[in-house]
Amino acid sequence: MYEVTYAADGTHSSSPVELFVHFANSVLLIVFLLVGGVAFASNSQSRATLYPIPAEVSSSHFRVRIDGQSTDVLHAASGYYLLNFNTDRPVTVSVTASDPHYWDAGVEIQPMRFGLRPVRHGATITFPMSADSKLMITRPGDHFADGDILFLFANPPDHSGITSKTPGVRYYGPGVHRENIDAHSGDTIYLAGGAVVFGSLNIWRVHDVHVLGNGVIIYDGPQNPHDDEGWMHKTNWHVVVMDNAHNIEIDLYYTQPELADTNA
């Protein structure tokens with residue numbers, strides 16, 4: 001969870017539990033600890049719950065298999081790929097690249113402190129993954145704008161009970177949504193697993209807002225990617241914009257690409 005309090009003078013304090021930040025070639029990808037979503041695709045014999053990936057952002061660049069369930073990944077921006085799933089116990093993960101020689105130069109799984117060393121068979125690498133963990137998978141040297149990064153997030157099961165019929169919740173279900181989300185004071189905004197919002201999240205002069213779920217927000221707004229306009233502070237100008245906001249909770253994944261190609 002990432003909690004932020006903004007004061008009227010623009011100062012703020014934050015207390016991230018865990019945060020991955022990767023910045024390259026004007027592409028900002030920030031990944032927060034995620035909470036679980038509503039299960040839309042499950043297997044009673046499996047330990048994991050996967051979520052549907054809308055065709056607009058689905059990619060077969062990587063094919064991931066988790067305890068017998070196989071899925072494409074979400075192409076978030078540039079060379080960034082993502083897969084969310086829920087599990088309450090360790091799982092076995094296999095990642096198959098579309099290029100049979102993709103892993104010829106090796107593979108790195110971070111955080112390095114986990115000491116994960118995958119087993120490779122051609123285009124496929126296999127490794128264990130613990131519950132409630134976040135991994136970043138790359139080839140050696142793939143840490144710049146032209147590199148590929150696969151993020152895998154094993155989230156704990158969702159016990160919130162939030163559905164589309166939950167009173168007082170702004171609910172975004174699986175599928176693509178094209179809109180800017182303007183938060184109001186007291187809002188609870190929930191992006192279910194499989195939901196992808198193209199737009200901005202504006203938390204502008206409000207208080208007591210909670211943004212939850214396994215969904216994704218991808219910036220799609222008026223910024224000119226060919227000019228330096230990112231310094232401007234106004235609504236719809238970044239993936240998440242805050243101004244004079246108090247008691248804000250965001251447990252979500254979002255990305256702000258510039259000239260990002262989201263095709264497979």
# chains A, B, ... in the order shown; residues from 1 in each chain; ligands from 1
$ residues_around --residues "Thr87 in chain A" --least-positions-apart "6" --cutoff "8 Å" --atoms "only C-alpha atoms" --output "MDAnalysis selection string"
chainID A and resid 47:49 131:132 154:157
$ closest_atom_pairs --of "range 155-181 of chain A" --to "range 210-232 of chain A" --cutoff "10 Å" --atoms "only C-alpha atoms" --output "tab-separated table"
residue	atom	partner	partner_atom	distance
A:Asn155	CA	A:Asn214	CA	8.7
A:Asp158	CA	A:Gly213	CA	8.9
A:Ser160	CA	A:Gly213	CA	9.9
A:Ile162	CA	A:Gly213	CA	9.5
A:Val169	CA	A:His210	CA	9.8
A:Arg170	CA	A:Val211	CA	9.4
A:Tyr171	CA	A:Gly213	CA	9.7
A:Tyr172	CA	A:Gly215	CA	8.3
A:Gly173	CA	A:Gly215	CA	8.6
A:Pro174	CA	A:Gly215	CA	8.0
A:Gly175	CA	A:Gly215	CA	9.5
A:Val176	CA	A:Val216	CA	9.7
A:His177	CA	A:Ile217	CA	9.3
A:Arg178	CA	A:Asp220	CA	8.5
A:Glu179	CA	A:Asp220	CA	8.8
A:Asn180	CA	A:Gly221	CA	8.6
A:Ile181	CA	A:Ile217	CA	9.9
$ residues_around --residues "range 118-129 of chain A" --least-positions-apart "4" --cutoff "12 Å" --atoms "only C-alpha atoms" --output "PyMOL selection string"
chain A and resi 47-48+61-67+85-111+114+133-139+152-155
$ residues_around --residues "Trp204 in chain A" --least-positions-apart "5" --cutoff "7 Å" --atoms "only C-alpha atoms" --output "list in words"
Met242, Asp243, Asn244 and Ala245 of chain A
$ write_last_selection --atoms "all heavy atoms" --output "mmCIF file, in the first residue's frame"
data_model
loop_
_atom_site.group_PDB
_atom_site.id
_atom_site.type_symbol
_atom_site.label_atom_id
_atom_site.label_comp_id
_atom_site.auth_asym_id
_atom_site.auth_seq_id
_atom_site.Cartn_x
_atom_site.Cartn_y
_atom_site.Cartn_z
ATOM 1 N N MET A 242 -2.326 14.705 -8.282
ATOM 2 C CA MET A 242 -2.856 15.103 -6.978
ATOM 3 C C MET A 242 -2.597 16.583 -6.745
ATOM 4 O O MET A 242 -1.546 17.109 -7.121
ATOM 5 C CB MET A 242 -2.190 14.310 -5.851
ATOM 6 C CG MET A 242 -2.511 12.838 -5.819
ATOM 7 S SD MET A 242 -1.834 12.067 -4.320
ATOM 8 C CE MET A 242 -2.210 10.349 -4.644
ATOM 9 N N ASP A 243 -3.558 17.230 -6.093
ATOM 10 C CA ASP A 243 -3.375 18.611 -5.674
ATOM 11 C C ASP A 243 -4.202 18.842 -4.416
ATOM 12 O O ASP A 243 -5.416 18.586 -4.401
ATOM 13 C CB ASP A 243 -3.816 19.582 -6.776
ATOM 14 C CG ASP A 243 -3.566 21.028 -6.392
ATOM 15 O OD1 ASP A 243 -2.405 21.467 -6.484
ATOM 16 O OD2 ASP A 243 -4.533 21.709 -5.974
ATOM 17 N N ASN A 244 -3.527 19.313 -3.352
ATOM 18 C CA ASN A 244 -4.204 19.614 -2.090
ATOM 19 C C ASN A 244 -5.122 18.461 -1.681
ATOM 20 O O ASN A 244 -6.299 18.650 -1.366
ATOM 21 C CB ASN A 244 -5.000 20.917 -2.216
ATOM 22 C CG ASN A 244 -5.394 21.478 -0.865
ATOM 23 O OD1 ASN A 244 -4.804 21.128 0.159
ATOM 24 N ND2 ASN A 244 -6.403 22.339 -0.846
ATOM 25 N N ALA A 245 -4.567 17.248 -1.705
ATOM 26 C CA ALA A 245 -5.328 16.038 -1.383
ATOM 27 C C ALA A 245 -4.869 15.490 -0.038
ATOM 28 O O ALA A 245 -3.681 15.493 0.272
ATOM 29 C CB ALA A 245 -5.136 14.996 -2.474
#
$ atom_distance --atom1 "CA of Thr71 in chain A" --atom2 "CA of Asn84 in chain A"
10.7 Å
$ select_by_dssp --residues "range 20-258 of chain A" --states "helix (DSSP H, G or I)" --output "PyMOL selection string"
chain A and resi 55-57+112-114
$ closest_residue --among "A:Gly68, A:Gly147, A:Gly168, A:Pro140" --to "Thr188 in chain A" --atoms "only C-alpha atoms"
A:Gly168
$ closest_residue --among "A:Leu116, A:Leu201, A:Leu150, A:Val196" --to "Val240 in chain A" --atoms "only C-alpha atoms"
A:Leu201
$ atom_distance --atom1 "CA of Ile149 in chain A" --atom2 "CA of Tyr81 in chain A"
6.1 Å
$ select_by_dssp --residues "range 48-192 of chain A" --states "strand (DSSP E)" --output "MDAnalysis selection string"
chainID A and resid 48:50 58:66 69:77 80:87 91:97 108:110 119:121 124:129 133:138 149:155 169:172 175:178 181:182 188:191
$ atom_distance --atom1 "CA of Leu191 in chain A" --atom2 "CA of Ala76 in chain A"
15.9 Å
$ residues_around --residues "Val206 in chain A" --least-positions-apart "4" --cutoff "10 Å" --atoms "only C-alpha atoms" --output "list in words"
Asp182, Ala183, His184, Ser185, Gly186, Asp187, Asn202, Met242, Asp243, Asn244, Ala245, His246, Asn247 and Ile248 of chain A
